[in-house]
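Trainee: I have a structure here, written as structure tokens, and I will follow up with some questions on it.
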Amino acid sequence: MFRHVLKGLPIAAVALGLSAGAAMAGKANDTLVWTTDREAAVADPYYNRTRELVIIGNTVWDGLLFRDLDTGEFKPLLAKSYKWVDNTTLDFELRDDVKFHDGSSFGPEDVVYTVNFVTNKDNGVLTYKNVSWMKSAEKTGPNSVRINLEKPFPAALAYLAQAVFMMPEGHYDAAPKDAQGKKDFGAVKPVGTGPYMITEVVAGDRIVMKKNENYMIGGPKGTPQIGTIVYRTIKEMNTQIAELLTGGIDWIWDVPKDQAERLQDSGQVTVENAKTMRVSYLAFDVDGSSNTKKFMDKRIRAAVAHAINRQSIVDNLVGPASVVIHSPCHPDQFGCTDDVPKWDYNPDKAKKLLAEAGVPDGFEFDIYAYRQREYTEAVISDLAKVGIRAKLNYMQYRKLRDLNWKGVTPVQHMTWGSNSIPDVSAITGVFFSGGKDDPANDPEVNKMINEAGTVTDPAKRKALYKTAMSKIAGELYWLPMFTYAKYYVFNKDLDFKTTPDEIPRFYTAKWK
Amino acid sequence: MAPQESTPIAQPAGLPTAEEIMEPSPMAQMRKRVFGHYGIIIGGSTLLLIVLVAIFAPLLAPFDPILDQDLADKLKPPFWHDSPKYDPAHPLGTDLQGRDYLTRLMYGAQISLLIGFSAMLISLVIGTTLGVAAGYFGGRVDIIITFIITTRLSMPVVLVALAVVSLIGSSLWIVIGVLGLLIWDQFAVVMRSATMQIRNLDYVAAARACGCSTFHIVAKEIMPNVVNHLIVVATLEMAHAILLEAALSFLGLGVQPPTPSWGLMISEAKGMMFFDAWLIGIPGAALFALILSINLLGDGVRDVTAPENRN
Amino acid sequence: MLIYFLKRLGVAVLVALTVSVLTFSLIYLSGDPAMALAGEEATEADIALIRRVYGYDQPIIVQYWDWLTRALQGDLGRSHYLKEDIADVIFTRLPNTLILAACAITFALVLAIPLGVAAAIRPNSLIDRFALTVAVVGQALPSFWFALILIFFLGIQLRWLPITGTDSWMNFIMPAIALGYYVTPGVMRLTRAGMLEVLQSDYIRTAKAKGLRPIRVLFKHALRNAIIPVVSLAAVQFGFMLGGSIVIETIFSINGLGFLAWETIQRADLPMMQAIVLVFSIFYIVITFLADLLNAYLDPRIRIS
């Protein structure tokens with residue numbers, strides 16, 4: 001116990017100003033400080049499921065491939081080239097000039113180690129869905145490697161580019177053991193090949209990354225420019241804005257529309273609204289497992305759909321980069337189509353449908369939500385105008401998902417970000433392939449979705465998804481609402497490009 | 001804390017001197033003290049005003065606090081802002097959702113008072129029962145109840161409230177229940193020591209000697225003599241509950257929107273504080289006035305009924 | 001004295017045990033920890049896997065017993081979320097909270113005691129009214145509201161003070177004021193009341209009659225006696241501050257225990273939550289115990305039964 005006290009002492013000393021101050025933000029210090037409200041506790045993309053670690057993962061580590069955001073094509077990154085041998089086999093030629101941050105060379109052994117380690121269920125990788133499609137990897141030559149798939153998986157390249165990061169061979173061997181003798185793999189010192197290397201992790205407070213001077217030349221990620229990048233946790237949006245305005249930090253996002261507009265008016269900072277892969281939707285209790293059977297009636301669901309002014313929410317609350325959607329996916333995802341039955345804003349029609357369904361004076365039900373309360377409040381207010389009284393139950397995500405799985409939620413206002421994977425298998429495939437997340441468990445839809453998840457012919461996949469989505473939208477298992485847009489606010493000196501997938505590429509940022 | 005401390009605290013000018021009190025009848029003295037006490041007058045009238053507004057909100061308020069919403073009307077400034085966006089229909093402006101701020105403020109008084117009063121009532125019942133039992137019976141009962149009080153005191157209120165609310169979800173009645181179950185400690189501590197003091201007095205001993213039932217002694221002999229302590233703690237805890245609700249709402253775990261509570265209004269508007277300070281200023285000021293008036297009233301009651309003022 | 005000490009110790013252990021049972025059941029009921037660990041975009045299969053690998057599929061009694069036996073051996077376990085030794089995490093964050101609470105209580109005492117003394121010397125004077133105003137305002141000001149106003153003026157408008165973090169002593173000024181101000185009224189009122197009482201007592205009159213300098217009477221004789229109840233109050237408030245700093249630590253982004261507690265609630269990190277509540281309750285018990293001892297030392301009249 002005493003050694004813990006001793007460990008705390010230096011921190012107390014720093015806190016009292018007895019030792020040197022911390023790194024400052026801004027151009028003068030060549031330090032980019034970005035902030036979110038979430039605590040990035042574990043600096044390992046396999047053992048932390050937060051968006052922050054996806055961002056840091058792409059900054060500190062590299063995958064075999066790289067997705068060009070402008071063209072959508074997959075380019076080799078740690079690989080020199082790749083090719084499909086068959087449906088379930090991928091071959092890679094690797095670069096031979098890449099070094100890990102600890103100085104060791106990158107080679108096929110590292111790929112084999114990483115793939116075999118993360119796909120082993122006993123290792124408890126938290127992002128298991130990102131890797132479970134792989135069966136194994138094997139070395140096929142001095143600079144070549146083969147990845148075997150569990151079964152045909154069309155989205156493989158997207159996952160390889162964004163979620164499968166390469167660790168050095170033996171990386172997790174040094175993991176400390178917990179009391180039961182189980183290894184804690186998330187606690188090892190982070191080592192990657194990426195443009196920045198992690199030099200300091202203060203759990204709950206900051207992660208410091210320094211420029212990797214030996215980063216690969218001529219790679220698709222370019223050459224890192226800014227000397228130091230610091231991630232900091234600041235819970236309160238107000239405090240974030242206050243720090244940004246006084247130069248304590250350089251970059252924030254998720255700023256609500258009204259604040260972002262005022263910040264833009266102030267002229268002190270750069271404000272941008274960008275697309276994200278996240279969509280908002282209402283999921284209905286189609287099978288009537290909750291306390292109200294109302295939503296088994298399609299006319300009621302249609303009344304709700306006609307009553308909500310989605311365009312007004314987009315215009316007034318979300319931001320210019322947001323659009324209303326009609327199918328259960330993001331328009332940028334492969335396989336997504338807008339060519340499905342649509343439900344326009346029409347309160348009169350909603351009232352008529354309510355009368356037809358035998359509830360001309362409306363009814364009362366519980367609506368559940370976990371994110372952006374103001375969006376749900378707008379929905380509630382729209383519904384109230386046609387006489388439907390929705391009672392808000394706002395709670396944490398895990399609690400809500402638990403209730404949803406138990407089937408007690410009549411209507412839930414949810415969102416899904418697809419882990420930024422640009423393929424509908426990451427959203428429609430998750431929610432309409434049958435199971436607890438599926439609101440309808442429509443066997444016809446399930447069959448099509450499951451088939452689309454395994455065929456590799458793009459045209460055939462698209463056709464299958466379109467039929468399934470038409471049924472989902474037409475029967476209103478979900479009411480797809482709109483895409484999310486994010487306001488980014490950052491230092492005027494910063495040359496930063498927003499990206500449509502909620503993964504800011506800090507390694508491309510530079511000072512003006 | 002030594003809760004039986006009933007020394008006249010902050011005795012403002014206007015309180016009669018000892019000589020003046022010597023002559024008139026007790027009731028007259030009391031009247032004089034009450035109406036000569038600035039704290040009671042200011043606190044009492046402010047509280048009365050807030051209570052009246054809360055009760056008559058449906059009649060006074062120009063709009064509906066929840067249904068009258070139009071996103072196109074959002075963030076209208078209040079009347080003292082000399083802005084072309086000002087709309088006389090909304091004297092205090094509109095919130096981020098385009099709802100009338102004055103209306104929500106009026107209905108918010110209902111919620112804040114309801115939370116403060118109900119949570120206080122629950123804690124009063126629990127705390128007084130435990131405190132009086134411990135003080136009256138002493139011995140093992142006292143040891144057990146003291147243990148319960150210590151356990152309760154050693155668990156941080158905000159932390160436990162947050163945990164519980166995040167567990168069962170937040171609604172008005174859950175918040176009231178959780179707060180009521182958490183803030184009874186002061187009642188228990190004060191009632192325990194007050195009862196202990198009185199239990200050993202001659203007249204209680206006499207009542208016991210003539211075979212009065214425990215209930216009779218507690219209800220007829222003890223309660224009337226501790227009721228002034230009770231009122232003082234009750235005002236403090238009511239204020240405490242209202243502030244706690246505001247803090248919970250601030251962290252996003254208070255009452256459920258779109259219910260208009262002042263704490264929730266602050267929480268919803270806090271993001272705009274650097275730009276439209278009035279959005280957080282108005283409910284903040286209302287909350288401040290409410291707590292202030294309750295505290296002034298409590299202080300006044302303490303001053304006026306303190307035993308040393310009673311000769 | 002020894003028996004008293006042992007008794008207190010026994011009660012303390014019992015309280016700690018009760019608190020741990022309460023928290024364990026509370027946190028456990030607050031939702032599936034596996035789901036919290038898995039994060040927002042996990043699928044059913046992900047969560048089932050995590051539940052098995054991390055032992056959340058065991059009955060709750062087994063999990064509690066497991067935790068308790070290890071905690072008794074001084075092992076608070078590892079946080080599944082932070083991947084760190086819990087004792088390490090707590091002791092690296094505790095200093096921040098301790099510094100904050102110490103600064104806050106110092107601020108409260110420095111403001112309240114002189115005001116209380118001055119108010120007691122001249123009851124109903126201008127300074128007494130001022131003290132009264134400070135007290136009633138302090139009690140009625142929501143601390144988070146006050147904190148935001150401080151940030152607005154001292155941090156943004158005047159740019160005198162840094163807003164977040166714990167990098168220098170300057171960082172602690174605003175949070176200490178915001179946290180400490182709420183305590184000021186109680187301390188001030190108690191000081192004033194105590195002084196009033198003491199100043200009217202016989203021995204002060206005697207001291208004055210002996211011709212001692214008034215200032216000496218005031219500080220050497222009166223304040224020493226009047227301050228006794230203030231010590232208890234300050235100690236208890238210090239204990240409450242440790243737990244009550246959640247909101248303030250969140251606003252000022254101070255990486256302390258309160259902030260950790262709030263984060264921990266949100267992600268249902270069972271072993272961590274257990275440890276935090278335990279630390280808080282032990283702190284409370286220790287501090288009130290010390291205050292009792294200090295009072296016994298300051299005031300020989302207090303006899304422990």
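How things are named: the first chain in the structure tokens is A, the next is B, and so on; residues count from 1 in each chain; ligands count from 1 in the order shown.
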Per residue of chain C within 6 Å of chain A, which atom pair is closest and at what distance in Å (one decimal), using only C-alpha atoms, listed by chain and increasing number, as JSON lines?
Mentor:
{"residue": "C:Gly31", "atom": "CA", "partner": "A:Lys399", "partner_atom": "CA", "distance": 5.6}
{"residue": "C:Met35", "atom": "CA", "partner": "A:Arg398", "partner_atom": "CA", "distance": 5.8}
{"residue": "C:Ala36", "atom": "CA", "partner": "A:Arg398", "partner_atom": "CA", "distance": 5.7}
{"residue": "C:Gly39", "atom": "CA", "partner": "A:Arg49", "partner_atom": "CA", "distance": 5.7}
{"residue": "C:Leu82", "atom": "CA", "partner": "A:Ala41", "partner_atom": "CA", "distance": 5.1}
{"residue": "C:Lys83", "atom": "CA", "partner": "A:Ala187", "partner_atom": "CA", "distance": 5.5}
{"residue": "C:Asp88", "atom": "CA", "partner": "A:His4", "partner_atom": "CA", "distance": 5.6}
{"residue": "C:Phe91", "atom": "CA", "partner": "A:Gly8", "partner_atom": "CA", "distance": 5.6}
{"residue": "C:Thr92", "atom": "CA", "partner": "A:Gly8", "partner_atom": "CA", "distance": 4.5}
{"residue": "C:Pro95", "atom": "CA", "partner": "A:Ala12", "partner_atom": "CA", "distance": 5.6}
{"residue": "C:Thr166", "atom": "CA", "partner": "A:Ala15", "partner_atom": "CA", "distance": 5.3}
{"residue": "C:Asp167", "atom": "CA", "partner": "A:Ala15", "partner_atom": "CA", "distance": 5.3}
{"residue": "C:Ser168", "atom": "CA", "partner": "A:Gly17", "partner_atom": "CA", "distance": 4.3}
{"residue": "C:Trp169", "atom": "CA", "partner": "A:Leu16", "partner_atom": "CA", "distance": 4.7}
{"residue": "C:Ile251", "atom": "CA", "partner": "A:Glu236", "partner_atom": "CA", "distance": 5.7}
{"residue": "C:Ser253", "atom": "CA", "partner": "A:Ile234", "partner_atom": "CA", "distance": 5.4}
Trainee: Tell me the residues of chain C close to chain B, meaning within 8 Å using only C-alpha atoms, as an MDAnalysis selection string.
Mentor: chainID C and resid 11 15:16 18:19 26:27 29:31 123:124 128:129 132 136:137 139:142 144:145 152 189 192:193 229 232:233 236 240 243:244 246:247 261:262 265:266 277 280:282 284:285
Trainee: Nearest residue to Val117 in chain C out of C:Phe219, C:Tyr203, C:Phe252, C:Phe172, using only C-alpha atoms?
Mentor: C:Phe219
Trainee: Which of range 200-233 of chain C counts as alpha helix (DSSP H) under DSSP, as an MDAnalysis selection string please?
Mentor: chainID C and resid 202:209 214:216 224:226 228:233
Trainee: Please identify every residue of chain B that has at least one atom no more than 7 Å from any atom of chain A, counting only C-alpha atoms, and report them as an mmCIF file with N, CA and C atoms, in the first residue's frame.
Mentor:
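Wrote selection-v8.cif, looks like this:
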data_model
loop_
_atom_site.group_PDB
_atom_site.id
_atom_site.type_symbol
_atom_site.label_atom_id
_atom_site.label_comp_id
_atom_site.auth_asym_id
_atom_site.auth_seq_id
_atom_site.Cartn_x
_atom_site.Cartn_y
_atom_site.Cartn_z
ATOM 1 N N LEU B 67 -45.738 21.696 -24.762
ATOM 2 C CA LEU B 67 -46.296 21.530 -26.098
ATOM 3 C C LEU B 67 -46.071 22.732 -26.994
ATOM 4 N N GLN B 69 -44.023 24.504 -28.601
ATOM 5 C CA GLN B 69 -42.631 24.543 -28.994
ATOM 6 C C GLN B 69 -42.550 24.702 -30.487
ATOM 7 N N LEU B 71 -39.304 25.088 -33.187
ATOM 8 C CA LEU B 71 -37.855 25.231 -33.330
ATOM 9 C C LEU B 71 -37.482 26.533 -34.044
ATOM 10 N N GLY B 169 -32.835 4.707 -13.587
ATOM 11 C CA GLY B 169 -33.342 5.701 -14.512
ATOM 12 C C GLY B 169 -33.892 6.860 -13.722
ATOM 13 N N GLN B 256 -36.610 14.109 -15.626
ATOM 14 C CA GLN B 256 -36.590 13.870 -17.068
ATOM 15 C C GLN B 256 -37.109 15.074 -17.830
ATOM 16 N N PRO B 258 -39.070 16.611 -21.003
ATOM 17 C CA PRO B 258 -39.107 18.064 -21.021
ATOM 18 C C PRO B 258 -39.738 18.682 -19.771
ATOM 19 N N GLY B 271 -24.685 25.229 -21.856
ATOM 20 C CA GLY B 271 -23.816 25.313 -23.018
ATOM 21 C C GLY B 271 -23.788 26.696 -23.650
ATOM 22 N N MET B 272 -24.847 27.454 -23.438
ATOM 23 C CA MET B 272 -24.917 28.773 -24.062
ATOM 24 C C MET B 272 -24.454 29.879 -23.125
ATOM 25 N N PHE B 275 -22.494 32.742 -24.396
ATOM 26 C CA PHE B 275 -23.062 33.509 -25.494
ATOM 27 C C PHE B 275 -24.368 34.194 -25.103
#
Trainee: What does the structure give for the distance between CA of Leu75 in chain B and CA of Arg389 in chain A, in Å to one decimal?
Mentor: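 These atoms are spaced 24.9 Å apart.
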